[in-house]
$ cat query.cif   # mmCIF, C-alpha atoms and all ligand atoms
data_final
loop_
_atom_site.label_atom_id
_atom_site.label_comp_id
_atom_site.auth_asym_id
_atom_site.auth_seq_id
_atom_site.Cartn_x
_atom_site.Cartn_y
_atom_site.Cartn_z
CA MET F 1 14.63 -27.72 -55.03
CA LYS F 2 14.66 -29.00 -58.59
CA ASP F 3 17.98 -30.37 -59.89
CA ILE F 4 20.07 -27.59 -61.36
CA GLN F 5 20.96 -27.96 -65.03
CA MET F 6 22.83 -25.74 -67.46
CA VAL F 7 19.57 -25.53 -69.39
CA ASP F 8 16.19 -26.96 -68.36
CA LEU F 9 14.26 -27.79 -71.50
CA LYS F 10 11.89 -30.19 -69.77
CA SER F 11 10.44 -27.51 -67.48
CA GLN F 12 10.23 -25.07 -70.37
CA TYR F 13 8.31 -27.62 -72.44
CA GLN F 14 5.78 -28.19 -69.64
CA LYS F 15 4.69 -24.55 -69.94
CA ILE F 16 4.02 -24.73 -73.67
CA LYS F 17 3.11 -28.42 -73.86
CA PRO F 18 -0.53 -28.10 -75.00
CA ALA F 19 0.38 -25.78 -77.89
CA VAL F 20 3.46 -27.79 -78.90
CA ASP F 21 1.71 -31.17 -78.76
CA LYS F 22 -1.19 -29.83 -80.81
CA ALA F 23 1.11 -28.28 -83.41
CA ILE F 24 3.22 -31.44 -83.76
CA ASN F 25 0.11 -33.58 -84.09
CA GLU F 26 -1.26 -31.31 -86.78
CA VAL F 27 1.92 -31.71 -88.82
CA ILE F 28 1.72 -35.47 -88.49
CA GLU F 29 -1.96 -35.47 -89.48
CA SER F 30 -1.19 -33.26 -92.48
CA ALA F 31 1.72 -35.52 -93.55
CA GLN F 32 3.46 -32.43 -94.94
CA PHE F 33 6.76 -33.14 -93.29
CA ILE F 34 9.08 -31.33 -95.69
CA ASN F 35 8.70 -27.73 -96.85
CA GLY F 36 5.11 -27.70 -95.67
CA PRO F 37 3.03 -24.69 -94.67
CA GLU F 38 4.57 -24.64 -91.16
CA VAL F 39 8.01 -23.95 -92.63
CA LYS F 40 6.67 -21.13 -94.79
CA ALA F 41 4.73 -19.63 -91.90
CA PHE F 42 7.77 -19.80 -89.61
CA GLN F 43 9.88 -18.19 -92.31
CA SER F 44 7.55 -15.19 -92.61
CA GLU F 45 7.13 -14.85 -88.85
CA MET F 46 10.89 -14.88 -88.41
CA GLU F 47 11.27 -12.26 -91.18
CA ALA F 48 8.78 -10.05 -89.34
CA TYR F 49 10.50 -10.56 -85.97
CA LEU F 50 13.94 -9.80 -87.33
CA VAL F 51 12.72 -7.13 -89.74
CA VAL F 52 14.73 -8.71 -92.53
CA LYS F 53 13.74 -9.34 -96.13
CA HIS F 54 14.68 -13.00 -96.38
CA VAL F 55 14.87 -15.85 -93.89
CA ILE F 56 15.99 -19.15 -95.38
CA PRO F 57 15.42 -22.05 -93.01
CA CYS F 58 17.94 -24.89 -93.16
CA ALA F 59 18.99 -28.00 -91.28
CA ASN F 60 21.33 -26.54 -88.64
CA GLY F 61 23.57 -23.60 -87.83
CA THR F 62 26.67 -25.22 -89.27
CA ASP F 63 24.95 -25.63 -92.64
CA ALA F 64 23.74 -22.03 -92.43
CA LEU F 65 27.34 -20.81 -92.22
CA GLN F 66 28.51 -23.14 -94.97
CA ILE F 67 25.68 -22.13 -97.31
CA ALA F 68 26.33 -18.44 -96.68
CA LEU F 69 29.99 -18.83 -97.59
CA MET F 70 29.11 -20.94 -100.66
CA ALA F 71 26.75 -18.21 -101.87
CA LEU F 72 29.52 -15.63 -101.73
CA GLY F 73 31.30 -17.58 -104.45
CA LEU F 74 34.66 -17.72 -102.68
CA LYS F 75 37.48 -19.71 -104.24
CA PRO F 76 39.78 -22.22 -102.55
CA GLY F 77 42.62 -20.34 -100.89
CA ASP F 78 40.57 -17.21 -100.25
CA GLU F 79 40.95 -15.96 -96.71
CA VAL F 80 38.16 -15.56 -94.19
CA ILE F 81 38.75 -13.59 -91.01
CA THR F 82 37.14 -14.91 -87.86
CA THR F 83 37.83 -15.66 -84.20
CA SER F 84 39.28 -18.75 -82.60
CA PHE F 85 37.28 -18.19 -79.39
CA THR F 86 34.10 -19.82 -80.74
CA PHE F 87 32.31 -23.10 -81.25
CA ILE F 88 34.23 -25.10 -83.83
CA ALA F 89 31.51 -24.93 -86.52
CA THR F 90 32.36 -21.31 -87.35
CA VAL F 91 35.85 -22.28 -88.45
CA GLU F 92 35.15 -25.80 -89.63
CA VAL F 93 32.97 -24.66 -92.53
CA ILE F 94 35.66 -22.25 -93.69
CA ALA F 95 38.17 -25.10 -93.87
CA LEU F 96 35.62 -27.46 -95.40
CA LEU F 97 35.21 -25.13 -98.38
CA GLY F 98 38.96 -24.99 -98.95
CA LEU F 99 39.13 -21.45 -97.59
CA LYS F 100 41.75 -20.27 -95.15
CA PRO F 101 40.67 -19.21 -91.67
CA ILE F 102 42.58 -16.15 -90.47
CA PHE F 103 42.22 -15.74 -86.74
CA VAL F 104 41.89 -12.34 -85.13
CA ASP F 105 42.03 -12.06 -81.36
CA VAL F 106 38.97 -11.24 -79.27
CA ASP F 107 38.15 -8.39 -76.94
CA LYS F 108 38.77 -9.27 -73.29
CA ASP F 109 35.45 -7.75 -72.16
CA THR F 110 32.96 -8.85 -74.81
CA PHE F 111 34.61 -12.10 -76.01
CA CYS F 112 33.84 -10.93 -79.58
CA ILE F 113 36.31 -10.05 -82.34
CA ASP F 114 38.70 -7.23 -81.46
CA THR F 115 37.79 -4.82 -84.24
CA SER F 116 41.01 -2.84 -83.79
CA LYS F 117 42.93 -5.87 -85.08
CA ILE F 118 40.90 -6.68 -88.18
CA GLU F 119 42.53 -4.32 -90.64
CA GLU F 120 46.05 -5.64 -90.03
CA ALA F 121 44.80 -9.17 -90.84
CA ILE F 122 43.44 -8.16 -94.25
CA THR F 123 45.38 -9.21 -97.37
CA ASN F 124 44.48 -9.19 -101.03
CA LYS F 125 43.05 -12.68 -100.52
CA THR F 126 40.63 -11.67 -97.77
CA LYS F 127 37.09 -12.17 -99.01
CA ALA F 128 34.95 -12.33 -95.88
CA ILE F 129 34.75 -11.61 -92.18
CA VAL F 130 32.73 -13.90 -89.91
CA PRO F 131 32.16 -12.15 -86.57
CA VAL F 132 30.74 -14.40 -83.86
CA HIS F 133 28.19 -12.85 -81.49
CA LEU F 134 29.44 -15.00 -78.65
CA TYR F 135 27.45 -15.84 -75.53
CA GLY F 136 24.58 -13.55 -76.54
CA GLN F 137 25.90 -10.14 -77.47
CA ALA F 138 26.87 -8.79 -80.84
CA ALA F 139 30.35 -7.86 -81.93
CA ASN F 140 30.93 -4.24 -82.84
CA MET F 141 29.18 -4.45 -86.21
CA GLU F 142 29.49 -0.78 -87.14
CA GLU F 143 33.27 -1.01 -87.05
CA ILE F 144 33.29 -4.37 -88.80
CA LEU F 145 31.01 -3.11 -91.57
CA SER F 146 33.09 0.00 -92.02
CA VAL F 147 36.35 -1.98 -92.47
CA ALA F 148 34.55 -4.46 -94.72
CA LYS F 149 33.17 -1.70 -96.91
CA LYS F 150 36.55 -0.03 -97.22
CA HIS F 151 38.16 -3.28 -98.42
CA ASN F 152 35.14 -4.64 -100.31
CA ILE F 153 34.81 -7.71 -98.10
CA ALA F 154 31.61 -9.59 -97.28
CA VAL F 155 30.37 -9.96 -93.70
CA VAL F 156 28.65 -13.15 -92.50
CA GLU F 157 27.39 -12.89 -88.91
CA ASP F 158 27.50 -16.03 -86.80
CA ASN F 159 24.43 -15.25 -84.75
CA ALA F 160 23.87 -18.74 -83.34
CA GLN F 161 24.16 -17.43 -79.78
CA ALA F 162 22.58 -13.98 -80.04
CA ILE F 163 19.21 -14.45 -81.70
CA GLY F 164 16.85 -11.68 -80.60
CA SER F 165 19.60 -9.32 -79.50
CA ASP F 166 18.99 -5.71 -80.49
CA TYR F 167 21.93 -3.96 -82.05
CA HIS F 168 22.02 -0.25 -81.27
CA CYS F 169 22.85 1.56 -84.53
CA ALA F 170 23.22 5.31 -84.84
CA ASP F 171 19.84 5.41 -86.62
CA GLY F 172 17.95 3.01 -84.31
CA ASN F 173 17.87 -0.64 -83.30
CA GLN F 174 18.36 -3.54 -85.67
CA LYS F 175 18.32 -7.22 -84.79
CA ALA F 176 21.73 -8.88 -84.54
CA GLY F 177 22.29 -11.06 -87.58
CA THR F 178 20.64 -8.63 -89.98
CA LEU F 179 23.42 -6.06 -90.31
CA GLY F 180 25.96 -7.95 -92.39
CA ASP F 181 25.52 -9.35 -95.90
CA VAL F 182 24.27 -12.58 -94.37
CA GLY F 183 23.39 -13.70 -90.83
CA CYS F 184 23.28 -17.30 -89.66
CA THR F 185 21.69 -18.95 -86.69
CA SER F 186 21.20 -22.32 -85.05
CA PHE F 187 18.02 -23.69 -83.50
CA PHE F 188 19.90 -26.37 -81.55
CA PRO F 189 17.62 -27.24 -78.59
CA SER F 190 19.67 -25.37 -75.97
CA LYS F 191 19.86 -22.16 -77.99
CA ASN F 192 17.77 -19.14 -76.95
CA LEU F 193 15.38 -20.06 -79.75
CA GLY F 194 15.77 -23.82 -79.92
CA CYS F 195 13.69 -26.50 -81.57
CA TYR F 196 13.30 -30.16 -80.60
CA GLY F 197 16.02 -31.49 -82.86
CA ASP F 198 18.34 -29.77 -85.31
CA GLY F 199 17.51 -26.60 -87.18
CA GLY F 200 19.04 -23.41 -88.50
CA ALA F 201 18.37 -20.36 -90.65
CA ILE F 202 20.08 -17.80 -92.82
CA PHE F 203 19.03 -14.14 -93.03
CA THR F 204 19.74 -11.51 -95.64
CA ASN F 205 18.38 -8.30 -97.10
CA ASN F 206 20.16 -9.02 -100.38
CA ASP F 207 17.74 -10.44 -103.00
CA GLU F 208 20.48 -11.91 -105.17
CA LEU F 209 22.19 -13.72 -102.31
CA ALA F 210 18.82 -14.93 -101.03
CA ALA F 211 17.94 -16.44 -104.40
CA LYS F 212 21.31 -18.17 -104.54
CA MET F 213 21.03 -19.52 -101.00
CA ARG F 214 17.51 -20.81 -101.63
CA MET F 215 18.97 -22.80 -104.53
CA ILE F 216 21.98 -24.02 -102.55
CA VAL F 217 19.85 -25.39 -99.67
CA ASN F 218 17.93 -27.41 -102.23
CA HIS F 219 20.62 -29.18 -104.30
CA GLY F 220 21.31 -26.07 -106.38
CA GLN F 221 17.87 -26.47 -107.92
CA SER F 222 16.26 -23.59 -109.84
CA LYS F 223 13.15 -25.59 -110.73
CA ARG F 224 12.34 -29.18 -109.96
CA TYR F 225 15.09 -31.49 -111.27
CA TYR F 226 17.03 -28.63 -112.90
CA HIS F 227 20.23 -28.02 -110.96
CA ASP F 228 22.13 -24.85 -111.85
CA MET F 229 24.85 -25.10 -109.26
CA VAL F 230 26.31 -27.49 -106.74
CA GLY F 231 24.28 -27.28 -103.57
CA VAL F 232 23.48 -29.30 -100.50
CA ASN F 233 20.39 -30.82 -98.94
CA SER F 234 19.66 -28.69 -95.92
CA ARG F 235 16.05 -28.44 -94.80
CA LEU F 236 14.26 -27.43 -91.63
CA ASP F 237 11.55 -30.04 -91.21
CA SER F 238 7.92 -29.11 -90.62
CA ILE F 239 7.77 -30.48 -87.07
CA GLN F 240 10.70 -28.29 -86.03
CA ALA F 241 9.14 -25.29 -87.78
CA ALA F 242 5.88 -25.88 -85.88
CA VAL F 243 7.77 -25.95 -82.56
CA LEU F 244 9.75 -22.86 -83.51
CA ARG F 245 6.59 -20.90 -84.37
CA ILE F 246 5.40 -21.40 -80.79
CA LYS F 247 8.76 -20.65 -79.24
CA LEU F 248 9.34 -17.55 -81.39
CA ARG F 249 6.26 -16.01 -79.72
CA GLU F 250 7.98 -16.59 -76.38
CA LEU F 251 11.46 -15.48 -77.42
CA ASP F 252 11.32 -12.00 -75.90
CA ASN F 253 9.98 -13.45 -72.63
CA TYR F 254 12.74 -16.04 -72.71
CA ILE F 255 15.34 -13.31 -73.21
CA ASN F 256 13.92 -11.29 -70.30
CA ALA F 257 14.01 -14.37 -68.05
CA ARG F 258 17.67 -14.93 -68.95
CA ARG F 259 18.51 -11.28 -68.33
CA LYS F 260 16.91 -11.49 -64.87
CA VAL F 261 19.13 -14.45 -64.01
CA ALA F 262 22.14 -12.48 -65.23
CA ASP F 263 21.13 -9.49 -63.07
CA TYR F 264 20.90 -11.72 -60.01
CA TYR F 265 24.35 -13.20 -60.65
CA ASP F 266 25.85 -9.76 -61.40
CA ASN F 267 24.59 -8.35 -58.10
CA PHE F 268 25.82 -11.28 -56.09
CA PHE F 269 29.26 -11.68 -57.64
CA ALA F 270 30.08 -7.97 -57.46
CA GLN F 271 31.44 -8.57 -53.92
CA PHE F 272 34.25 -10.88 -55.09
CA ASP F 273 37.61 -9.68 -56.35
CA GLY F 274 38.78 -12.04 -59.03
CA ILE F 275 35.31 -12.86 -60.37
CA LYS F 276 34.64 -10.75 -63.41
CA THR F 277 31.00 -10.84 -64.47
CA PRO F 278 30.05 -10.49 -68.16
CA VAL F 279 30.59 -6.98 -69.49
CA ARG F 280 27.49 -5.74 -71.27
CA GLY F 281 28.82 -3.88 -74.29
CA SER F 282 27.01 -0.68 -75.22
CA GLN F 283 26.55 -1.80 -78.82
CA SER F 284 23.98 -4.53 -78.26
CA ARG F 285 21.46 -5.88 -75.78
CA HIS F 286 22.91 -9.00 -74.19
CA VAL F 287 20.54 -11.97 -74.50
CA PHE F 288 22.66 -14.19 -72.24
CA HIS F 289 22.84 -17.42 -74.15
CA GLN F 290 25.61 -18.07 -71.65
CA TYR F 291 26.53 -16.39 -68.38
CA THR F 292 30.29 -16.56 -68.44
CA LEU F 293 32.60 -15.49 -65.66
CA THR F 294 36.24 -14.63 -66.14
CA LEU F 295 38.19 -15.85 -63.14
CA GLU F 296 41.40 -14.09 -62.23
CA GLY F 297 43.62 -15.67 -59.57
CA ILE F 298 40.99 -18.34 -58.88
CA ASP F 299 41.53 -22.04 -59.58
CA ARG F 300 38.84 -22.60 -62.19
CA ASP F 301 39.03 -26.37 -62.24
CA ALA F 302 38.83 -26.52 -58.46
CA LEU F 303 35.73 -24.26 -58.52
CA ASN F 304 34.14 -26.37 -61.25
CA GLN F 305 34.75 -29.51 -59.18
CA PHE F 306 33.60 -27.88 -55.91
CA LEU F 307 30.33 -26.80 -57.53
CA ALA F 308 29.79 -30.21 -59.14
CA GLU F 309 29.97 -31.79 -55.68
CA LYS F 310 27.10 -29.53 -54.61
CA GLY F 311 25.01 -30.52 -57.63
CA ILE F 312 25.84 -27.31 -59.53
CA PRO F 313 26.97 -27.80 -63.12
CA SER F 314 29.35 -25.32 -64.75
CA MET F 315 30.95 -25.50 -68.18
CA ILE F 316 33.98 -24.25 -70.04
CA TYR F 317 33.00 -22.85 -73.42
CA TYR F 318 35.40 -23.74 -75.01
CA PRO F 319 38.27 -25.67 -73.47
CA VAL F 320 40.46 -25.60 -76.60
CA PRO F 321 40.32 -22.58 -78.94
CA ALA F 322 39.87 -23.41 -82.63
CA HIS F 323 43.42 -22.41 -83.62
CA LYS F 324 44.80 -25.05 -81.27
CA GLN F 325 42.54 -27.86 -82.46
CA LYS F 326 44.22 -30.78 -84.19
CA MET F 327 41.91 -30.40 -87.19
CA PHE F 328 43.62 -27.12 -88.08
CA SER F 329 47.20 -28.26 -87.59
CA ALA F 330 47.61 -28.28 -91.38
CA PHE F 331 47.08 -24.51 -91.38
CA GLY F 332 49.84 -24.03 -88.82
CA SER F 333 47.33 -21.98 -86.86
CA ALA F 334 48.50 -23.22 -83.45
CA GLU F 335 51.38 -20.76 -83.88
CA THR F 336 49.02 -17.80 -84.34
CA HIS F 337 49.57 -15.23 -81.62
CA LEU F 338 46.19 -14.81 -79.92
CA PRO F 339 47.08 -13.78 -76.39
CA VAL F 340 43.58 -12.74 -75.28
CA THR F 341 41.98 -15.90 -76.69
CA ASP F 342 44.55 -18.05 -74.89
CA TRP F 343 44.23 -16.03 -71.68
CA LEU F 344 40.43 -16.24 -71.65
CA GLY F 345 40.50 -19.92 -72.59
CA GLU F 346 42.14 -20.66 -69.26
CA ARG F 347 39.83 -18.47 -67.19
CA VAL F 348 36.24 -18.61 -68.43
CA LEU F 349 33.54 -20.56 -66.64
CA SER F 350 29.86 -20.55 -67.59
CA LEU F 351 27.15 -20.97 -64.97
CA PRO F 352 23.65 -22.37 -65.47
CA ILE F 353 21.32 -19.89 -67.17
CA HIS F 354 17.96 -20.63 -68.71
CA THR F 355 14.37 -19.52 -68.83
CA GLU F 356 13.08 -21.61 -65.95
CA MET F 357 15.54 -20.84 -63.17
CA GLU F 358 14.09 -20.46 -59.71
CA GLU F 359 15.36 -18.10 -57.04
CA GLU F 360 16.12 -21.05 -54.77
CA GLN F 361 18.39 -22.53 -57.44
CA LEU F 362 20.11 -19.20 -58.04
CA ALA F 363 20.72 -18.76 -54.33
CA HIS F 364 22.17 -22.27 -54.12
CA ILE F 365 24.54 -21.58 -57.04
CA CYS F 366 25.66 -18.24 -55.60
CA ASN F 367 26.16 -19.69 -52.14
CA GLY F 368 28.17 -22.51 -53.69
CA VAL F 369 30.52 -20.00 -55.29
CA ALA F 370 30.66 -17.99 -52.05
CA ASP F 371 31.56 -21.11 -50.05
CA PHE F 372 34.36 -21.84 -52.46
CA MET F 373 35.64 -18.29 -52.17
CA LYS F 374 35.63 -18.52 -48.35
CA VAL F 375 37.69 -21.69 -48.38
CA ASN F 376 40.04 -20.57 -51.14
CA ALA F 377 40.40 -16.84 -50.62
C1 LIG K 1 28.74 -19.89 -82.36
C2 LIG K 1 28.11 -21.08 -83.03
N1 LIG K 1 28.23 -21.22 -84.36
C3 LIG K 1 27.69 -22.26 -85.00
C4 LIG K 1 26.97 -23.23 -84.34
C5 LIG K 1 26.49 -24.41 -85.09
O1 LIG K 1 25.12 -24.67 -84.97
P1 LIG K 1 24.54 -26.15 -85.11
O2 LIG K 1 24.93 -26.91 -83.90
O3 LIG K 1 23.07 -25.94 -85.23
O4 LIG K 1 25.12 -26.74 -86.35
C6 LIG K 1 26.77 -23.09 -82.96
C7 LIG K 1 25.93 -24.04 -82.22
O5 LIG K 1 26.24 -24.94 -81.55
C8 LIG K 1 27.38 -22.01 -82.28
O6 LIG K 1 27.26 -21.87 -80.95
#
$ encode --input "query.cif" --output "structure tokens"
Amino acid sequence: MKDIQMVDLKSQYQKIKPAVDKAINEVIESAQFINGPEVKAFQSEMEAYLVVKHVIPCANGTDALQIALMALGLKPGDEVITTSFTFIATVEVIALLGLKPIFVDVDKDTFCIDTSKIEEAITNKTKAIVPVHLYGQAANMEEILSVAKKHNIAVVEDNAQAIGSDYHCADGNQKAGTLGDVGCTSFFPSKNLGCYGDGGAIFTNNDELAAKMRMIVNHGQSKRYYHDMVGVNSRLDSIQAAVLRIKLRELDNYINARRKVADYYDNFFAQFDGIKTPVRGSQSRHVFHQYTLTLEGIDRDALNQFLAEKGIPSMIYYPVPAHKQKMFSAFGSAETHLPVTDWLGERVLSLPIHTEMEEEQLAHICNGVADFMKVNA
């Protein structure tokens, strides 16, 4: 049996190696490393896949979020509602721009923002909501958009973990990340659509915001050496775009492979009281960036250790919620009452899930958990 990893990028690469090697070599031969034809082609292919008017490639998912918030023209002190149960980047960019993160608790089943608690967090300083489509399924966007519309607040979707997920709207499916004013994603290598370095993108159907964000990613430049606003330097390089073009063609297959792994786990773990498998919300198709268990009455650290001894990695995403991170102590956010976030933070455990998992590996992981349950039940 191959070693079990949280994500197996080496095996995935072997399957697309000829195409990837050829594409990378062509970029090198062309010497068009920055903003070359590969980036433009990837941009249009991504627009077609997402059915969105504008895709703006950038350097990483963190930049994507920052650029989106910059384009909204928020002022220092403005409040941005988001969740604490996320990767730090979501909240970090809010603070970096002098904005105030306002944390709303998450839903115990979907790990996404609890939409019933958004309205009570809104003040006259609230300017944006940043829902995070955590672990691979979208937050309840219809409710978020309806509250946002009522209060005239922008919505920036953090779609770093749910690229390719279909959101089921009343009038048909739409891709997650294309429902709000702006959607952001990351092409970090381990993401469902990952490149071979850093990368990210911003999506919008709003022409005005798109024009602004295209300027911001390029030093606020309207034409060469004319800078109309303060921007950043955030580019997706041509080699990454070339890799992404190949992997975008595989994305739906990759998602199906992940969903099969999730089905296998779901079936196996159904027998154990205390192991709650991921709840697939009705609002979106789960693309299983992570397969995250919620453990009730089970010693998570002991399970993590037990599995590690059998060569089975497992991870806690994320061990410290954002509101309890030292970096936000100045906001006094550690005092924020987020009971579900805190509760989940002590109970979640993510198991290996990726596109190349073999049945033998899955059986070994499941048996590892079963052995632990036998000893510790
Ligand atoms: C939810 C979430 N937001 C933002 C990011 C930031 O993306 P990047 O690492 O590409 O900057 C990530 C990726 O790690 C993420 O998982």
$ atom_distance --input "query.cif" --atom1 "atom CA of Gly200 of chain F" --atom2 "atom CA of Phe187 of chain F"
5.1 Å
$ closest_residue --input "query.cif" --among "F:Ala138, F:Ala68, F:Ala160, F:Ile113" --to "ligand LIG 1 (chain K)" --atoms "all atoms listed in the file"
F:Ala160
$ closest_residue --input "query.cif" --among "F:Tyr318, F:Tyr167, F:Phe268, F:Tyr13" --to "ligand LIG 1 (chain K)" --atoms "only C-alpha atoms and all ligand atoms"
F:Tyr318
$ closest_residue --input "query.cif" --among "F:Ile239, F:Leu344, F:Ile255, F:Ala370" --to "Ala23 of chain F" --atoms "only C-alpha atoms"
F:Ile239
$ residues_around --input "query.cif" --residues "Val232 of chain F" --least-positions-apart "2" --cutoff "12 Å" --atoms "all atoms listed in the file" --output "VMD selection string"
chain F and resid 58 to 59 63 to 64 66 to 68 70 to 71 213 to 221 227 229 to 230 234 to 235
$ axis_aligned_box --input "query.cif" --around "segment 76-94 of chain F" --padding-each-side "4 Å" --output "JSON"
{"center_x": 37.1, "center_y": -19.7, "center_z": -91.0, "size_x": 19.1, "size_y": 20.2, "size_z": 31.2}
$ closest_residue --input "query.cif" --among "F:Val27, F:Leu179, F:Val39, F:Ala48" --to "Gly199 of chain F" --atoms "only C-alpha atoms"
F:Val39
$ closest_atom_pairs --input "query.cif" --of "segment 10-99 of chain F" --to "segment 355-359 of chain F" --cutoff "10 Å" --atoms "all atoms listed in the file" --output "JSON lines"
{"residue": "F:Lys10", "atom": "CA", "partner": "F:Glu356", "partner_atom": "CA", "distance": 9.5}
{"residue": "F:Ser11", "atom": "CA", "partner": "F:Glu356", "partner_atom": "CA", "distance": 6.6}
{"residue": "F:Gln12", "atom": "CA", "partner": "F:Glu356", "partner_atom": "CA", "distance": 6.3}
{"residue": "F:Lys15", "atom": "CA", "partner": "F:Glu356", "partner_atom": "CA", "distance": 9.7}
